[in-house]
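Asker: The structure is given below, and queries will be raised subsequently.
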Amino acid sequence: MRHRVACPGSLVFLVALALCLFFLIGPRSDTSAQTSTPCCTEIGPREIDFPYYALDNGFNSTLFLVSDSPDPLDFILAIRNLAGQTVLSSSMTIQPGAKLPIDLRGLLVQLGADPSGTFAEGSVSVYFEGTIMPLVGQLTLVNPALHWSQEAEMVENDPGRSDIPTILNGMWWGLSGGRDAQIMVTNTSRNLQAADVFLNFDGRQHQSPAIVFNPHETKILSIADQLSKLNLSPAQEPQGSITIIQRGANPALIAQGRVTDAVTGFSSTLEFPDPARQKVSSLHASGIPIGTPSADSPFAGDGTFTPHVVASNLSNGPESVTVTVEYPQRDMQGTDAKTVLAPIGTKEFDGEGGTSVVQTALASFQIPAYSTVDFSLFAELGQLPLPLPYASVRVQYSGAPGSVIAQVSSVDGTQDLVVDARTMNEGDGWAGSGSNPWHLDSQTESILFLTDESDMPARIGFHVVANGVTYHLTSLKLNPHETRAINIRKLRDAQNTDFLKNKIPANASDGSVEWNRIDNVAVTGRVVVIQKNQGTASAYDCCMCPCPESYQSLSVIPFSAYLTVGGSVLLGAMGNYQACNHGPIDYIDDSFWATWTSGTTGVAVMNSGTHGEVDGVAAGTSTITVRFSDYVYTYNGVYCNGSLSPHQGTAGVTVQEPAYVGVGNAVADTVQCGSTNYYARRLQVPYTVLDSNKSPISIAGMTVKEQLSWTSSVCATSNDCGQEPSAGTWTTDGGGGFTDTIYNCSPTCENSGSCTEDWQQTFTVNTHSVGIVNGSTVGTLNCIATDCSNTPQGATH
Amino acid sequence: MDIDGRRITRLGTALALVLMILAMPAYAQQDSQTASWKGKLEVRQFNFSYAVGVRNQRLVVRSVDVWKTNYDFYQNTSGIVREELTFINHNRSVGGPMDIRLLNYADGEGLVFDKGRPEAIEGSLKPPVPGKSLGVKHILGFSCEGSEFEWKTFQHASVELQSWRVVNSSLRVPLLQVEYFSDDTGALIALTVRVASQVGPSPALPPSLFQPPEGLRIVHVPMVE
């Protein structure tokens with residue numbers, strides 16, 4: 001892998017050259033794919049930036065990239081040190097749906113840079129060409145020795161279209177006992193960038209000296225240092241917020257923060273939420289541990305947790321904040337102040353939850369102007385029916401959207417494990433999708449938490465990619481205010497087959513999970529990766545599209561089916577949906593809402609009670625048609641416009657009527673007679689159910705019964721052994737087959753005697769009498785003959 | 001301080017006894033009071049099939065099918081065991097009776113019959129040859145002595161039976177039996193494993209439970225187990 005080390009002075013030329021080469025040689029999609037969705041389908045050069053990585057003081061940094069592109073995607077990395085010096089990787093490729101972990105230490109060594117010296121800290125940029133968000137990622141910083149884990153969130157910074165806001169607002173909290181908070185601020189541009197810095201606490205903004213950033217420089221601001229300039233200490237101001245206002249017309253600064261405590265292993269990531277995404281005055285944190293998690297919790301055994309809601313008021317007036325906890329409950333009892341929002345219906349194996357969803361308003365508190373409150377829910381936990389597997393936290397504030405920022409961190413009692421939950425604004429459409437990495441090993445669990453923040457149900461498109469295999473869930477639907485925990489290990493180990501016959505490979509230890517809302521309601525979610533031996537938890541919550549997935553087409557699964565007269569078959573109406581970045585198709589079973597019709601009702605009719613069930617009336621064929629309308633979304637830069645789009649699908653069904661059972665190739669062997677010491681000759685006769693044309697009826701589940709008689713005008717019968725066997729009953733396999741097994745284990749034989757037991761055999765299929773086809777013989781009955789020494793025999797008449 | 005050596009010895013002995021009692025299996029502790037027992041018996045018979053086509057001799061099927069039978073068992077104060085069939089997974093064709101098994105381990109005789117049917121088989125519970133000891137194992141908290149038996153049947157089949165029976169207890173039901181059944185060519189025809197579970201003391205059991213119905217037509221067989 002070739003590399004370059006560049007100083008800031010020559011950086012402009014080198015990066016421009018590299019990018020020009022990259023985009024010249026990179027893949028170009030069909031530009032005709034561009035439509036009226038201005039944000040999402042344009043092909044162009046893209047850049048995503050990560051504000052900070054660290055490789056010193058015991059830190060490892062891993063960049064996790066996840067592709068949501070349907071095609072292999074080429075990209076290059078630019079790794080910059082604190083001073084802005086850059087090393088460029090050669091072109092790399094990520095496969096569709098793949099998770100690609102990039103160890104920055106190893107990459108820097110390969111590129112000839114010093115990860116322990118000049119490149120021990122810095123920032124990362126990823127350059128590629130594509131639609132919006134075909135490649136998402138997150139940078140995870142882990143210090144195994146100190147049990148610290150922090151995240152660096154990506155910021156999209158495309159040429160000519162950047163998501164970098166002018167004002168960066170973040171906060172610090174928990175600065176007691178010698179802790180410090182560090183704010184890492186990176187200039188993503190090749191120009192000098194200046195910013196004014198304000199520390200907000202005690203009811204007012206405290207201005208610090210302006211800071212100037214060199215091109216691509218990363219500065220680490222110590223809150224303790226900043227406070228000392230105001231003759232204050234962290235002990236005096238353990239929580240507060242920081243506002244960084246960029247000068248100039250082109251904002252280029254991105255930021256990430258952290259609080260660490262080497263003594264206890266405490267570590268928390270400080271977020272700088274995008275003000276543009278703060279559209280309503282409600283925030284949501286999905287899937288946190290609370291109290292001592294119950295035995296069925298993904299956090300079971302990880303500690304006893306107290307959630308902290310840290311909220312900063314960025315406005316010049318006081319605000320009130322209400323904290324509501326939402327949690328699953330299996331056996332809802334009593335009314336109290338709790339509300340049962342909805343029962344959870346039958347689910348495919350897709351997650352854990354309860355039989356109901358409960359909301360409890362736990363607390364409300366005031367935040368003075370320009371102040372921060374670290375509100376511990378410890379005193380309020382008694383209001384909850386602990387233990388709980390997990391909970392989600394809703395933070396509603398009284399001011400204008402964006403006037404409060406908040407973070408929820410659930411802190412273990414030993415301070416060793418902190419589960420951070422980035423709060424998502426309920427009006428932020430981007431929060432309704434995710435393309436996240438996961439990892440499983442003996443010490444690591446990965447849990448996807450999905451939260452429906454709204455009062456309406458939410459269908460979710462979902463697929464997992466591992467080892468090149470894509471596995472879909474097609475009935476994932478959240479109830480209002482439900483949080484669903486999808487344990488990736490359990491999902492993998494269940495080894496269920498999806499409707500496309502795919503399974504998650506049983507040995508898969510890494511992969512990606514992509515999810516997106518289908519309904520236009522507020523949804524958020526994140527993957528939490530818990531490393532139990534390191535006492536660290538990482539959260540991945542980034543996004544693909546601002547709108548729900550669009551309805552593309554409708555398919556009937558299966559497209560051909562067989563059933564018997566009086567029998568039934570269940571068909572599914574599978575809606576095909578696609579995210580606005582033209583990523584992979586997701587599937588939702590729309591059978592319940594679709595309209596079903598049978599073309600030939602004299603042959604097959606649709607069951608009035610079970611959606612998609614076809615009932616056989618008479619032998620013949622019929623075309624089944626299903627129709628369903630759903631929304632196609634376009635994004636106008638502000639909100640998502642939905643237009644109803646109808647689609648239909650068809651399937652052919654063949655109704656057959658059992659008329660015969662056909663005799664296959666019989667085999668003979670010996671069998672031990674139960675717990676006696678006699679072995680008998682055994683005849684095993686395979687049968688297949690046939691229709692009137694003597695064609696196999698390949699349907700599982702038909703009930704075949706035999707009728708045995710010792711009075712017959714055709715067969716020679718005998719009950720010499722005194723052991724008239726009981727008539728057998730079989731259920732056909734998928735090929736319409738069953739096997740009759742005949743042997744003579746009568747007591748006489750077991751006692752070395754001799755006897756004969758002969759009888760007449762007839763069959764019914766689904767209660768209707770059928771004939772018997774045995775080679776060229778077509779009859780109505782079999783004559784069966786057995787004794788103590790010979791193989792049983794059957795003859796058809 | 002004056003130390004009384006005899007008191008220490010008595011105390012130590014008492015302590016050791018208490019520890020021994022505590023260390024004994026729960027049911028062994030109850031055994032002196034336990035007159036009746038109940039439990040479950042699961043039997044899994046793997047039938048190894050080298051089956052040859054009846055019409056087409058070149059058609060060979062190599063497979064194993066599993067016969068699963070479950071019993072509830074009850075043992076009265078006389079050591080007679082009643083086993084009741086609770087589950088069977090295969091059609092029985094012409095099969096010997098198996099619904100109810102009355103096994104008198106004291107006499108070494110067993111009687112097996114089907115509910116509502118007149119035929120019964122009766123035979124010895126003991127293998128036709130003396131066994132050799134396999135030593136002692138603890139199974140389900142019981143101390144069990146293992147015995148291994150090998151013999152030939154009248155059809156020249158070879159039977160190897162390993163049976164583990166409880167010692168120092170009134171419980172007579174073997175807790176584990178493994179049997180290999182091979183034909184005269186040496187081909188393994190069946191592997192049978194019988195395992196007792198959920199064994200525990202039972203309230204007093206009605207005598208009628210251990211009486212066969214009247215009028216059974218009894219066929220004597222060499223061995224019923």
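By order of appearance in the structure tokens: chains A, B, ..., then residues from 1 within every chain, and ligands from 1 in the order shown.
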Within 6 Å of chain A, which residues of chain B show up? Give each one with its shortest atom-to-atom distance in Å (one decimal) and the two atoms involved, counting only C-alpha atoms, rows by chain then rising residue number, as a Markdown table.

Answerer:
```
| residue | atom | partner | partner_atom | distance |
| --- | --- | --- | --- | --- |
| B:Ala51 | CA | A:Asp669 | CA | 4.6 |
| B:Val52 | CA | A:Val667 | CA | 4.9 |
| B:Gly53 | CA | A:Val667 | CA | 4.0 |
| B:Val54 | CA | A:Val667 | CA | 5.2 |
| B:Asn91 | CA | A:Gly728 | CA | 5.5 |
| B:Ser93 | CA | A:Pro725 | CA | 4.8 |
| B:Val94 | CA | A:Pro725 | CA | 4.7 |
| B:Gly95 | CA | A:Cys745 | CA | 4.6 |
| B:Gly96 | CA | A:Ser746 | CA | 4.8 |
| B:Val221 | CA | A:Asn751 | CA | 4.7 |
| B:Val224 | CA | A:Thr676 | CA | 5.5 |
| B:Glu225 | CA | A:Ser675 | CA | 5.3 |
```

Asker: Would you pick out the contacts of range 208-213 of chain B at 9 Å or less, using only C-alpha atoms, so that residues sharing its chain but fewer than 5 positions from it are not included, and give the list as an MDAnalysis selection string?

Answerer: chainID B and resid 74:76 80:82 102:103 111:113 118

Asker: For the residues in the current selection, export C-alpha atoms as a compact mmCIF listing (two decimals), in the first residue's frame.

Answerer:
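This is the output file result.txt:
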```txt
# COMPACT_ATOMS: atom_id res chain seq x y z
CA TYR B 74 -44.58 -46.41 40.54
CA GLN B 75 -43.00 -48.76 43.09
CA ASN B 76 -44.93 -50.06 46.09
CA ILE B 80 -43.24 -54.23 42.76
CA VAL B 81 -42.97 -51.67 39.98
CA ARG B 82 -45.77 -50.59 37.66
CA LEU B 102 -45.75 -55.03 36.27
CA LEU B 103 -42.24 -55.89 37.35
CA LEU B 111 -45.83 -59.22 33.30
CA VAL B 112 -46.63 -56.93 30.37
CA PHE B 113 -50.08 -56.29 28.91
CA PRO B 118 -56.47 -60.11 26.65
```

Asker: Please indicate the distance in Å from CA of Leu781 in chain A to CA of Leu690 in chain A, rounded to one decimal place.

Answerer: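 That distance, rounded to one decimal, is 15.3 Å.
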
Asker: So what do you get for CA of Asp296 in chain A versus CA of Ser433 in chain A, distance-wise?

Answerer: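 CA of Ser433 in chain A lies at a distance of 26.2 Å from CA of Asp296 in chain A.
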
Asker: Got a sec: who's within 6 Å of range 210-216 of chain A, counting only C-alpha atoms, leaving out chain neighbours fewer than 2 positions off, as a list in words?

Answerer: Gly84, Asn187, Thr188, Ser189, Arg190, Asn191, Leu192, Gln193, Ala194, Ala195 and Asp196 of chain A

Asker: Mind checking which residues fall within 9 Å of Leu191 in chain B, counting only C-alpha atoms, ignoring those fewer than 6 positions away in the same chain, and posting them as a PyMOL selection string?

Answerer: chain B and resi 44-48+178-182

Asker: Would you please give, as a ChimeraX atom specification, all residues of range 2-177 of chain B that DSSP assigns to alpha helix (DSSP H) based on the backbone?

Answerer: /B:5-23,26-30

Asker: For the strand (DSSP E or B) assignment from backbone DSSP, which residues of range 701-737 of chain A qualify? Please present them as a PyMOL selection string.

Answerer: chain A and resi 703-709+718-719+729-731+737

Asker: Kindly export the residues of the current selection with C-alpha atoms, as a compact mmCIF listing (two decimals), in the first residue's frame.

Answerer:
```txt
# COMPACT_ATOMS: atom_id res chain seq x y z
CA THR A 703 -53.47 -37.02 7.25
CA VAL A 704 -53.33 -40.60 6.06
CA LYS A 705 -55.00 -43.35 8.03
CA GLU A 706 -55.09 -47.06 7.40
CA GLN A 707 -58.02 -49.32 8.13
CA LEU A 708 -57.24 -52.91 9.06
CA SER A 709 -59.68 -55.76 8.85
CA SER A 718 -55.39 -64.72 10.25
CA ASN A 719 -55.08 -63.74 13.88
CA THR A 729 -51.86 -42.77 11.15
CA TRP A 730 -49.35 -40.70 9.23
CA THR A 731 -48.82 -37.08 8.30
CA GLY A 737 -45.10 -39.20 1.25
```

Asker: Could you check which of B:Val136, B:Val193, B:Phe154, B:Leu41 is closest to Val167 in chain B, using only C-alpha atoms?

Answerer: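 Residue with the minimum atom-to-atom distance to Val167 in chain B: B:Val136.
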